[in-house]
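Trainee: Have a peek at input_18.cif (mmCIF, C-alpha atoms).
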data_protein
loop_
_atom_site.group_PDB
_atom_site.id
_atom_site.type_symbol
_atom_site.label_atom_id
_atom_site.label_comp_id
_atom_site.auth_asym_id
_atom_site.auth_seq_id
_atom_site.Cartn_x
_atom_site.Cartn_y
_atom_site.Cartn_z
ATOM 1 C CA MET A 1 95.849 153.980 49.513
ATOM 2 C CA ASN A 2 97.192 156.493 52.048
ATOM 3 C CA ALA A 3 96.337 155.721 55.660
ATOM 4 C CA VAL A 4 94.763 158.279 57.984
ATOM 5 C CA THR A 5 96.458 157.689 61.320
ATOM 6 C CA LYS A 6 95.486 160.911 63.063
ATOM 7 C CA THR A 7 93.290 163.771 61.912
ATOM 8 C CA HIS A 8 94.092 167.466 62.281
ATOM 9 C CA LEU A 9 91.054 169.681 61.659
ATOM 10 C CA THR A 10 92.343 173.128 62.417
ATOM 11 C CA ARG A 11 89.067 175.011 62.879
ATOM 12 C CA LEU A 12 87.173 172.467 64.972
ATOM 13 C CA ALA A 13 88.006 171.625 68.579
ATOM 14 C CA CYS A 14 89.082 168.014 69.079
ATOM 15 C CA VAL A 15 87.275 166.767 72.188
ATOM 16 C CA HIS A 16 88.458 163.161 72.203
ATOM 17 C CA ARG A 17 90.837 160.767 70.483
ATOM 18 C CA GLY A 18 89.808 157.176 71.080
ATOM 19 C CA LYS A 19 91.486 153.988 70.009
ATOM 20 C CA VAL A 20 90.179 154.459 66.472
ATOM 21 C CA ARG A 21 87.990 157.581 66.294
ATOM 22 C CA ASP A 22 88.724 161.292 66.568
ATOM 23 C CA SER A 23 85.805 163.438 67.762
ATOM 24 C CA TYR A 24 85.371 167.166 67.070
ATOM 25 C CA ARG A 25 82.862 169.608 68.496
ATOM 26 C CA VAL A 26 80.561 171.094 65.827
ATOM 27 C CA ASP A 27 78.243 172.891 68.268
ATOM 28 C CA ASP A 28 76.568 172.195 71.609
ATOM 29 C CA GLN A 29 74.359 169.495 70.096
ATOM 30 C CA HIS A 30 76.613 167.851 67.501
ATOM 31 C CA LEU A 31 79.972 166.133 67.049
ATOM 32 C CA LEU A 32 81.934 165.206 63.941
ATOM 33 C CA ILE A 33 83.369 161.721 64.410
ATOM 34 C CA VAL A 34 86.138 160.513 62.097
ATOM 35 C CA ALA A 35 87.103 156.828 61.888
ATOM 36 C CA THR A 36 90.863 156.709 61.350
ATOM 37 C CA ASP A 37 92.857 153.715 60.153
ATOM 38 C CA ARG A 38 94.356 153.126 63.601
ATOM 39 C CA LEU A 39 94.301 149.508 64.751
ATOM 40 C CA SER A 40 93.945 148.424 68.364
ATOM 41 C CA ALA A 41 94.274 145.003 69.936
ATOM 42 C CA PHE A 42 94.025 144.032 73.590
ATOM 43 C CA ASP A 43 93.010 147.676 74.181
ATOM 44 C CA VAL A 44 96.364 148.970 72.906
ATOM 45 C CA VAL A 45 96.659 151.147 69.802
ATOM 46 C CA LEU A 46 99.268 149.540 67.562
ATOM 47 C CA PRO A 47 101.877 151.662 65.765
ATOM 48 C CA ASP A 48 100.880 150.582 62.240
ATOM 49 C CA PRO A 49 97.557 151.581 60.626
ATOM 50 C CA VAL A 50 95.478 149.522 58.195
ATOM 51 C CA PRO A 51 94.860 151.727 55.127
ATOM 52 C CA GLY A 52 91.159 152.137 54.353
ATOM 53 C CA LYS A 53 89.970 150.507 57.573
ATOM 54 C CA GLY A 54 88.150 153.614 58.783
ATOM 55 C CA LYS A 55 86.110 153.809 55.578
ATOM 56 C CA VAL A 56 85.090 150.150 55.898
ATOM 57 C CA LEU A 57 84.068 150.659 59.532
ATOM 58 C CA THR A 58 82.017 153.735 58.657
ATOM 59 C CA GLU A 59 80.167 152.089 55.770
ATOM 60 C CA VAL A 60 79.413 148.903 57.680
ATOM 61 C CA SER A 61 78.369 150.759 60.812
ATOM 62 C CA ASN A 62 76.075 153.134 58.921
ATOM 63 C CA PHE A 63 74.470 150.147 57.203
ATOM 64 C CA TRP A 64 73.650 148.522 60.540
ATOM 65 C CA PHE A 65 72.471 151.766 62.134
ATOM 66 C CA ALA A 66 69.922 152.140 59.324
ATOM 67 C CA ARG A 67 68.905 148.504 59.578
ATOM 68 C CA THR A 68 68.280 148.585 63.348
ATOM 69 C CA GLU A 69 66.400 151.880 63.743
ATOM 70 C CA HIS A 70 63.243 149.902 64.498
ATOM 71 C CA ILE A 71 64.942 148.455 67.586
ATOM 72 C CA VAL A 72 66.559 151.552 69.089
ATOM 73 C CA ARG A 73 67.339 155.151 68.173
ATOM 74 C CA ASN A 74 70.929 155.884 67.152
ATOM 75 C CA HIS A 75 73.199 158.922 67.204
ATOM 76 C CA LEU A 76 73.295 159.636 63.452
ATOM 77 C CA THR A 77 71.857 162.966 62.273
ATOM 78 C CA GLY A 78 72.034 162.624 58.491
ATOM 79 C CA ILE A 79 73.995 165.874 58.273
ATOM 80 C CA ASP A 80 76.657 165.838 55.549
ATOM 81 C CA PRO A 81 80.090 165.920 57.275
ATOM 82 C CA LEU A 82 81.465 168.215 54.562
ATOM 83 C CA SER A 83 78.822 170.795 55.427
ATOM 84 C CA VAL A 84 80.266 171.247 58.929
ATOM 85 C CA LEU A 85 83.928 171.289 57.893
ATOM 86 C CA PRO A 86 85.143 174.917 58.058
ATOM 87 C CA ASN A 87 88.271 174.290 55.988
ATOM 88 C CA PRO A 88 87.481 172.457 52.725
ATOM 89 C CA ASP A 89 91.199 171.840 52.190
ATOM 90 C CA GLU A 90 90.978 169.227 54.969
ATOM 91 C CA LYS A 91 88.205 167.186 53.352
ATOM 92 C CA ASP A 92 90.535 164.319 52.398
ATOM 93 C CA GLN A 93 90.834 163.542 56.115
ATOM 94 C CA ILE A 94 87.104 162.934 56.534
ATOM 95 C CA VAL A 95 85.510 161.884 53.220
ATOM 96 C CA GLY A 96 83.976 158.420 53.488
ATOM 97 C CA ARG A 97 85.061 157.957 57.087
ATOM 98 C CA SER A 98 83.071 160.482 59.095
ATOM 99 C CA VAL A 99 79.589 161.148 60.472
ATOM 100 C CA VAL A 100 77.870 164.022 62.239
ATOM 101 C CA VAL A 101 76.198 162.727 65.387
ATOM 102 C CA LYS A 102 74.182 163.924 68.346
ATOM 103 C CA ALA A 103 76.206 164.860 71.413
ATOM 104 C CA LEU A 104 75.383 162.315 74.133
ATOM 105 C CA THR A 105 76.414 161.393 77.656
ATOM 106 C CA PRO A 106 78.015 157.935 77.267
ATOM 107 C CA LEU A 107 77.144 155.130 79.652
ATOM 108 C CA PRO A 108 80.213 153.791 81.522
ATOM 109 C CA ILE A 109 79.851 150.244 80.165
ATOM 110 C CA GLU A 110 80.346 148.273 76.992
ATOM 111 C CA ALA A 111 77.318 146.121 76.202
ATOM 112 C CA VAL A 112 78.818 142.838 75.026
ATOM 113 C CA VAL A 113 76.672 140.020 73.654
ATOM 114 C CA ARG A 114 78.145 136.553 73.110
ATOM 115 C CA GLY A 115 76.588 133.812 71.052
ATOM 116 C CA TYR A 116 79.726 131.636 71.034
ATOM 117 C CA LEU A 117 82.386 130.861 73.624
ATOM 118 C CA ILE A 118 85.567 132.583 72.465
ATOM 119 C CA GLY A 119 88.098 135.216 73.532
ATOM 120 C CA SER A 120 88.032 136.509 77.106
ATOM 121 C CA GLY A 121 84.727 134.719 77.680
ATOM 122 C CA TYR A 122 86.355 131.381 76.930
ATOM 123 C CA LYS A 123 89.290 132.223 79.217
ATOM 124 C CA ASP A 124 86.880 133.097 82.041
ATOM 125 C CA TYR A 125 84.979 129.860 81.455
ATOM 126 C CA LEU A 126 88.162 127.795 81.668
ATOM 127 C CA ALA A 127 89.083 129.561 84.896
ATOM 128 C CA ASN A 128 85.788 129.351 86.771
ATOM 129 C CA GLY A 129 83.083 127.809 84.588
ATOM 130 C CA ALA A 130 81.275 131.109 84.127
ATOM 131 C CA VAL A 131 81.278 134.266 81.992
ATOM 132 C CA CYS A 132 80.574 137.551 83.763
ATOM 133 C CA GLY A 133 79.039 135.639 86.642
ATOM 134 C CA ILE A 134 76.801 133.523 84.392
ATOM 135 C CA ALA A 135 77.486 129.840 85.108
ATOM 136 C CA LEU A 136 77.690 127.610 82.029
ATOM 137 C CA ARG A 137 77.408 123.856 81.681
ATOM 138 C CA ASP A 138 80.532 121.715 81.871
ATOM 139 C CA GLY A 139 82.384 120.465 78.828
ATOM 140 C CA LEU A 140 82.030 123.424 76.475
ATOM 141 C CA ARG A 141 84.798 123.780 73.914
ATOM 142 C CA GLN A 142 86.424 126.795 72.330
ATOM 143 C CA ALA A 143 84.134 128.515 69.784
ATOM 144 C CA GLU A 144 81.132 126.400 70.794
ATOM 145 C CA ARG A 145 77.713 127.936 70.238
ATOM 146 C CA LEU A 146 75.858 128.850 73.416
ATOM 147 C CA ARG A 147 72.280 127.764 74.004
ATOM 148 C CA GLU A 148 71.206 131.415 73.977
ATOM 149 C CA PRO A 149 73.009 134.738 73.593
ATOM 150 C CA LEU A 150 74.561 136.042 76.802
ATOM 151 C CA PHE A 151 74.746 139.676 77.875
ATOM 152 C CA THR A 152 78.252 139.990 79.299
ATOM 153 C CA PRO A 153 79.051 143.655 79.979
ATOM 154 C CA ALA A 154 82.481 145.169 80.471
ATOM 155 C CA THR A 155 83.936 148.339 81.845
ATOM 156 C CA LYS A 156 85.013 151.063 79.410
ATOM 157 C CA ALA A 157 88.741 151.474 79.840
ATOM 158 C CA ALA A 158 90.748 154.554 78.945
ATOM 159 C CA ALA A 159 93.204 154.246 76.067
ATOM 160 C CA GLY A 160 96.018 151.920 77.105
ATOM 161 C CA ASP A 161 94.021 150.302 79.917
ATOM 162 C CA HIS A 162 92.162 147.019 79.602
ATOM 163 C CA ASP A 163 88.399 146.557 79.628
ATOM 164 C CA GLU A 164 87.270 144.206 82.375
ATOM 165 C CA ASN A 165 84.312 141.845 82.242
ATOM 166 C CA ILE A 166 81.744 142.609 84.934
ATOM 167 C CA THR A 167 78.564 140.979 86.181
ATOM 168 C CA PHE A 168 75.044 142.215 85.533
ATOM 169 C CA GLU A 169 74.821 143.131 89.222
ATOM 170 C CA GLN A 170 77.870 145.373 88.814
ATOM 171 C CA THR A 171 76.221 146.936 85.781
ATOM 172 C CA VAL A 172 73.150 147.710 87.876
ATOM 173 C CA GLY A 173 75.452 149.400 90.362
ATOM 174 C CA LEU A 174 76.888 151.592 87.604
ATOM 175 C CA VAL A 175 73.733 152.642 85.731
ATOM 176 C CA GLY A 176 70.775 151.539 87.863
ATOM 177 C CA PRO A 177 68.414 148.548 87.446
ATOM 178 C CA GLU A 178 65.987 149.998 84.892
ATOM 179 C CA LEU A 179 68.692 151.223 82.518
ATOM 180 C CA ALA A 180 70.759 148.048 82.934
ATOM 181 C CA GLU A 181 67.778 145.886 81.961
ATOM 182 C CA ARG A 182 66.961 148.095 78.985
ATOM 183 C CA VAL A 183 70.546 148.019 77.699
ATOM 184 C CA ARG A 184 70.651 144.240 78.124
ATOM 185 C CA ASP A 185 67.365 143.623 76.319
ATOM 186 C CA ILE A 186 68.138 145.992 73.435
ATOM 187 C CA SER A 187 71.659 144.582 73.022
ATOM 188 C CA ILE A 188 70.387 141.021 72.741
ATOM 189 C CA ALA A 189 67.681 142.145 70.285
ATOM 190 C CA LEU A 190 70.291 143.916 68.133
ATOM 191 C CA TYR A 191 72.586 140.911 68.165
ATOM 192 C CA SER A 192 69.794 138.457 67.345
ATOM 193 C CA HIS A 193 68.610 140.608 64.441
ATOM 194 C CA ALA A 194 72.138 140.851 63.043
ATOM 195 C CA VAL A 195 72.828 137.127 63.459
ATOM 196 C CA GLU A 196 69.768 136.258 61.378
ATOM 197 C CA TYR A 197 70.766 138.664 58.603
ATOM 198 C CA ALA A 198 74.429 137.623 58.550
ATOM 199 C CA ALA A 199 73.588 133.908 58.460
ATOM 200 C CA LEU A 200 71.907 134.406 55.090
ATOM 201 C CA ARG A 201 75.256 135.700 53.811
ATOM 202 C CA GLY A 202 77.341 132.864 55.204
ATOM 203 C CA ILE A 203 78.654 134.739 58.222
ATOM 204 C CA ILE A 204 78.543 133.775 61.895
ATOM 205 C CA ILE A 205 78.590 136.702 64.319
ATOM 206 C CA ALA A 206 80.241 135.118 67.331
ATOM 207 C CA ASP A 207 80.014 138.152 69.585
ATOM 208 C CA THR A 208 79.815 141.915 69.442
ATOM 209 C CA LYS A 209 79.775 145.012 71.613
ATOM 210 C CA PHE A 210 77.498 148.022 71.654
ATOM 211 C CA GLU A 211 77.824 151.413 73.296
ATOM 212 C CA PHE A 212 74.978 153.610 74.455
ATOM 213 C CA GLY A 213 74.511 157.161 75.637
ATOM 214 C CA LEU A 214 71.776 159.374 77.022
ATOM 215 C CA ASP A 215 70.474 162.437 75.202
ATOM 216 C CA ALA A 216 69.447 165.710 76.830
ATOM 217 C CA ASP A 217 66.050 164.215 77.682
ATOM 218 C CA GLY A 218 67.597 161.154 79.325
ATOM 219 C CA ASP A 219 66.553 158.829 76.496
ATOM 220 C CA LEU A 220 68.755 155.866 75.564
ATOM 221 C CA VAL A 221 70.562 156.159 72.201
ATOM 222 C CA LEU A 222 72.858 153.711 70.390
ATOM 223 C CA MET A 223 76.227 155.327 69.615
ATOM 224 C CA ASP A 224 79.846 154.848 68.533
ATOM 225 C CA GLU A 225 79.958 151.950 66.023
ATOM 226 C CA ILE A 226 77.844 148.851 65.553
ATOM 227 C CA LEU A 227 78.546 145.349 64.249
ATOM 228 C CA THR A 228 81.830 146.174 62.519
ATOM 229 C CA PRO A 229 84.944 143.996 62.185
ATOM 230 C CA ASP A 230 86.431 146.109 64.996
ATOM 231 C CA SER A 231 83.580 145.551 67.442
ATOM 232 C CA SER A 232 82.578 141.994 66.492
ATOM 233 C CA ARG A 233 83.910 138.576 65.618
ATOM 234 C CA PHE A 234 82.794 137.506 62.122
ATOM 235 C CA TRP A 235 83.434 133.885 61.099
ATOM 236 C CA PRO A 236 82.837 132.359 57.655
ATOM 237 C CA ALA A 237 80.205 129.691 58.268
ATOM 238 C CA ASP A 238 81.743 127.270 55.788
ATOM 239 C CA THR A 239 85.041 127.015 57.691
ATOM 240 C CA TYR A 240 83.699 127.202 61.258
ATOM 241 C CA GLU A 241 84.828 124.375 63.493
ATOM 242 C CA VAL A 242 84.301 123.893 67.237
ATOM 243 C CA GLY A 243 87.482 123.469 69.257
ATOM 244 C CA THR A 244 89.511 125.981 67.250
ATOM 245 C CA SER A 245 89.990 129.728 66.947
ATOM 246 C CA PRO A 246 88.017 130.006 63.691
ATOM 247 C CA MET A 247 89.244 131.864 60.629
ATOM 248 C CA SER A 248 87.747 135.337 60.891
ATOM 249 C CA TYR A 249 86.942 138.462 58.916
ATOM 250 C CA ASP A 250 87.927 140.664 61.846
ATOM 251 C CA LYS A 251 90.997 141.587 63.877
ATOM 252 C CA GLN A 252 91.125 138.213 65.629
ATOM 253 C CA PHE A 253 93.680 137.500 62.910
ATOM 254 C CA VAL A 254 95.872 140.235 64.430
ATOM 255 C CA ARG A 255 95.223 139.055 67.998
ATOM 256 C CA ASP A 256 96.310 135.526 67.068
ATOM 257 C CA TYR A 257 99.543 136.880 65.579
ATOM 258 C CA LEU A 258 100.227 139.030 68.645
ATOM 259 C CA GLU A 259 99.733 136.003 70.911
ATOM 260 C CA THR A 260 102.819 134.453 69.270
ATOM 261 C CA LEU A 261 104.997 137.386 70.401
ATOM 262 C CA VAL A 262 106.705 138.112 73.703
ATOM 263 C CA TRP A 263 104.600 141.156 74.662
ATOM 264 C CA ASP A 264 102.820 141.994 77.908
ATOM 265 C CA LYS A 265 99.837 143.631 76.155
ATOM 266 C CA THR A 266 100.681 147.085 77.470
ATOM 267 C CA PRO A 267 101.745 150.151 75.438
ATOM 268 C CA PRO A 268 103.644 150.528 73.270
ATOM 269 C CA GLY A 269 102.315 147.846 70.972
ATOM 270 C CA PRO A 270 104.628 145.930 68.642
ATOM 271 C CA LYS A 271 105.012 146.830 64.988
ATOM 272 C CA LEU A 272 103.169 144.569 62.562
ATOM 273 C CA PRO A 273 104.763 142.974 59.478
ATOM 274 C CA GLU A 274 103.543 144.304 56.134
ATOM 275 C CA ASP A 275 101.900 140.993 55.214
ATOM 276 C CA ILE A 276 99.860 141.026 58.434
ATOM 277 C CA LEU A 277 98.616 144.539 57.639
ATOM 278 C CA THR A 278 97.807 143.631 54.039
ATOM 279 C CA ARG A 279 95.940 140.482 55.006
ATOM 280 C CA THR A 280 94.072 142.340 57.748
ATOM 281 C CA ALA A 281 92.924 144.996 55.264
ATOM 282 C CA ALA A 282 91.757 142.243 52.916
ATOM 283 C CA ARG A 283 89.716 140.574 55.661
ATOM 284 C CA TYR A 284 88.000 143.821 56.603
ATOM 285 C CA GLU A 285 87.091 144.326 52.958
ATOM 286 C CA GLU A 286 85.790 140.747 52.729
ATOM 287 C CA ALA A 287 83.566 141.410 55.730
ATOM 288 C CA ARG A 288 82.230 144.606 54.160
ATOM 289 C CA TYR A 289 81.464 142.870 50.879
ATOM 290 C CA ALA A 290 79.894 139.794 52.460
ATOM 291 C CA LEU A 291 77.606 141.818 54.732
ATOM 292 C CA LEU A 292 76.540 144.456 52.242
ATOM 293 C CA GLN A 293 76.193 142.375 49.070
ATOM 294 C CA GLY A 294 72.627 142.453 47.837
ATOM 295 C CA SER A 295 71.491 144.726 50.666
ATOM 296 C CA ASP A 296 68.901 147.365 49.939
#
Show me the file's structure as structure tokens.
Mentor:
Amino acid sequence: MNAVTKTHLTRLACVHRGKVRDSYRVDDQHLLIVATDRLSAFDVVLPDPVPGKGKVLTEVSNFWFARTEHIVRNHLTGIDPLSVLPNPDEKDQIVGRSVVVKALTPLPIEAVVRGYLIGSGYKDYLANGAVCGIALRDGLRQAERLREPLFTPATKAAAGDHDENITFEQTVGLVGPELAERVRDISIALYSHAVEYAALRGIIIADTKFEFGLDADGDLVLMDEILTPDSSRFWPADTYEVGTSPMSYDKQFVRDYLETLVWDKTPPGPKLPEDILTRTAARYEEARYALLQGSD
């Protein structure tokens, strides 16, 4: 399978290239968003893509968007991406990996929800006994389940910069108290709904992040991606063990490999061995299959 590392749609204006997605202006109200096969870790885009990753992310994300419409509105329009592509010769760049969405004003935060103590949350806990200003009880171990899901927001860093965990009070300062509370409550509801569904398929969702924007009327809308292997930690329930970095269906596998290297986590990222890329692609596909099997 050929990887799509960067798209070039000649008759649409590219308005943003993120860590994974390329966004094109369709008109004043709509964007075409294409999920490439780029891979990022520690907020750095790595030089080697994972073939097919963008298609997995798009399918999984669309599944969750449809499944959570009762909780919050999302940015999908249902418009066929091919119908807005001026040059049909470029369709191979977008088929299966693109969506047409509403143009929104993004909120300047990432809405992270943690159900388990892992990653940067675990590092913060070891340093000061708290995550994003939320004090936790003593004696928690790596990957331990928390008594209740925590809303632990982060800043949205530009490409190459690092997201930083912030407190809820800092979130209020960025978006105001009413919007901060709404984002927190919706994020926890989304996470809790997904956890219940995934558990029936043998998957633990350790944590995840959501992004939100405001439409022209100032209403809150879920955007970007949702509950994918790029934005979440998925652990097979049958191999989960407290005190370890559990085997995962997501890019934690890549993070663990990168932690063995001498690299300061700033661009440029190191090249990945072929076996790491192949095994990463396989884990993304396993996540897609496990989550979507038997779904209606």
Trainee: Please expand the PyMOL selection byres ((chain A and resi 125) around 10) into the concrete residues it hits in this file, giving the result as a list of chain:residue names.
Mentor: A:Leu117, A:Ile118, A:Ser120, A:Gly121, A:Tyr122, A:Lys123, A:Asp124, A:Leu126, A:Ala127, A:Asn128, A:Gly129, A:Ala130, A:Val131, A:Cys132, A:Gly133, A:Ile134, A:Ala135, A:Leu136, A:Arg137, A:Asp138, A:Leu140, A:Arg141, A:Gln142
Trainee: Mind giving me the straight-line distance from CA of Ile109 (chain A) to CA of Gln170 (chain A) in Å, one decimal?
Mentor: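 It comes out at 10.1 Å.
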Trainee: Which residues are near region 287-291 of chain A? Cut-off 8 Å, only C-alpha atoms, ignore same chain within fewer than 5 positions. Put them as an MDAnalysis selection string.
Mentor: chainID A and resid 56 59:60 198 201:203 229 234 249:250
Trainee: Hey, which of A:Gly213, A:Gly115, A:Pro51, A:Pro149 ends up closest to Ala103 (chain A)? Count all atoms listed in the file.
Mentor: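 Selected residue with least distance to Ala103 (chain A): A:Gly213.
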Trainee: Here's the selection I'm unsure about, the PyMOL selection byres ((chain A and resi 26) around 12); applied to the file above, which residues does it give, as number ranges by chain?
Mentor: A: 9, 11-15, 23-25, 27-33, 79, 81-86, 99-103
Trainee: What would the file look like if the residues just selected were written as a PDB file, in the coordinates of the input with C-alpha atoms?
Mentor:
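And here's part-v8.pdb as it stands now:
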ATOM      1  CA  LEU A   9      91.054 169.681  61.659  1.00  0.00           C
ATOM      2  CA  ARG A  11      89.067 175.011  62.879  1.00  0.00           C
ATOM      3  CA  LEU A  12      87.173 172.467  64.972  1.00  0.00           C
ATOM      4  CA  ALA A  13      88.006 171.625  68.579  1.00  0.00           C
ATOM      5  CA  CYS A  14      89.082 168.014  69.079  1.00  0.00           C
ATOM      6  CA  VAL A  15      87.275 166.767  72.188  1.00  0.00           C
ATOM      7  CA  SER A  23      85.805 163.438  67.762  1.00  0.00           C
ATOM      8  CA  TYR A  24      85.371 167.166  67.070  1.00  0.00           C
ATOM      9  CA  ARG A  25      82.862 169.608  68.496  1.00  0.00           C
ATOM     10  CA  ASP A  27      78.243 172.891  68.268  1.00  0.00           C
ATOM     11  CA  ASP A  28      76.568 172.195  71.609  1.00  0.00           C
ATOM     12  CA  GLN A  29      74.359 169.495  70.096  1.00  0.00           C
ATOM     13  CA  HIS A  30      76.613 167.851  67.501  1.00  0.00           C
ATOM     14  CA  LEU A  31      79.972 166.133  67.049  1.00  0.00           C
ATOM     15  CA  LEU A  32      81.934 165.206  63.941  1.00  0.00           C
ATOM     16  CA  ILE A  33      83.369 161.721  64.410  1.00  0.00           C
ATOM     17  CA  ILE A  79      73.995 165.874  58.273  1.00  0.00           C
ATOM     18  CA  PRO A  81      80.090 165.920  57.275  1.00  0.00           C
ATOM     19  CA  LEU A  82      81.465 168.215  54.562  1.00  0.00           C
ATOM     20  CA  SER A  83      78.822 170.795  55.427  1.00  0.00           C
ATOM     21  CA  VAL A  84      80.266 171.247  58.929  1.00  0.00           C
ATOM     22  CA  LEU A  85      83.928 171.289  57.893  1.00  0.00           C
ATOM     23  CA  PRO A  86      85.143 174.917  58.058  1.00  0.00           C
ATOM     24  CA  VAL A  99      79.589 161.148  60.472  1.00  0.00           C
ATOM     25  CA  VAL A 100      77.870 164.022  62.239  1.00  0.00           C
ATOM     26  CA  VAL A 101      76.198 162.727  65.387  1.00  0.00           C
ATOM     27  CA  LYS A 102      74.182 163.924  68.346  1.00  0.00           C
ATOM     28  CA  ALA A 103      76.206 164.860  71.413  1.00  0.00           C
TER      29      ALA A 103
END
Trainee: In Å, with one decimal, what is the gap from CA of Pro108 (chain A) to CA of Ala206 (chain A)?
Mentor: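 That distance, rounded to one decimal, is 23.5 Å.
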Trainee: Between A:Ala111, A:Phe42, A:Asp256, A:Ile205, which one has atoms that come closest to Pro236 (chain A), using all atoms listed in the file?
Mentor: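 Counting all atoms listed in the file, the residue closest to Pro236 (chain A) is A:Ile205.
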Trainee: Using all atoms listed in the file, which residues sit within 12 Å of Asp219 (chain A) once same-chain residues fewer than 4 positions away are excluded, as a JSON list (two decimals) with C-alpha atoms, in the frame of the given file?
Mentor:
[["chain", "number", "residue", "atom", "x", "y", "z"],
["A", 72, "VAL", "CA", 66.56, 151.55, 69.09],
["A", 73, "ARG", "CA", 67.34, 155.15, 68.17],
["A", 74, "ASN", "CA", 70.93, 155.88, 67.15],
["A", 75, "HIS", "CA", 73.20, 158.92, 67.20],
["A", 104, "LEU", "CA", 75.38, 162.32, 74.13],
["A", 105, "THR", "CA", 76.41, 161.39, 77.66],
["A", 106, "PRO", "CA", 78.02, 157.94, 77.27],
["A", 107, "LEU", "CA", 77.14, 155.13, 79.65],
["A", 179, "LEU", "CA", 68.69, 151.22, 82.52],
["A", 182, "ARG", "CA", 66.96, 148.10, 78.98],
["A", 183, "VAL", "CA", 70.55, 148.02, 77.70],
["A", 212, "PHE", "CA", 74.98, 153.61, 74.46],
["A", 213, "GLY", "CA", 74.51, 157.16, 75.64],
["A", 214, "LEU", "CA", 71.78, 159.37, 77.02],
["A", 215, "ASP", "CA", 70.47, 162.44, 75.20]]
Trainee: For region 257-265 of chain A, find every residue with an atom within 10 Å (counting all atoms listed in the file), except residues of its own chain fewer than 4 positions away, and show them as an mmCIF file with C-alpha atoms, in the frame of the given file.
Mentor:
data_model
loop_
_atom_site.group_PDB
_atom_site.id
_atom_site.type_symbol
_atom_site.label_atom_id
_atom_site.label_comp_id
_atom_site.auth_asym_id
_atom_site.auth_seq_id
_atom_site.Cartn_x
_atom_site.Cartn_y
_atom_site.Cartn_z
ATOM 1 C CA ALA A 41 94.274 145.003 69.936
ATOM 2 C CA PHE A 42 94.025 144.032 73.590
ATOM 3 C CA ASP A 43 93.010 147.676 74.181
ATOM 4 C CA VAL A 44 96.364 148.970 72.906
ATOM 5 C CA GLY A 160 96.018 151.920 77.105
ATOM 6 C CA ASP A 161 94.021 150.302 79.917
ATOM 7 C CA HIS A 162 92.162 147.019 79.602
ATOM 8 C CA LYS A 251 90.997 141.587 63.877
ATOM 9 C CA GLN A 252 91.125 138.213 65.629
ATOM 10 C CA PHE A 253 93.680 137.500 62.910
ATOM 11 C CA GLY A 269 102.315 147.846 70.972
ATOM 12 C CA PRO A 270 104.628 145.930 68.642
ATOM 13 C CA LYS A 271 105.012 146.830 64.988
ATOM 14 C CA LEU A 272 103.169 144.569 62.562
ATOM 15 C CA ILE A 276 99.860 141.026 58.434
#
Trainee: Have a look at A:Ser192, A:Thr152, A:Ser245, A:Thr5 and name the one nearest to Ser40 (chain A); count all atoms listed in the file.
Mentor: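 For Ser40 (chain A), the nearest of the candidates is A:Thr5.
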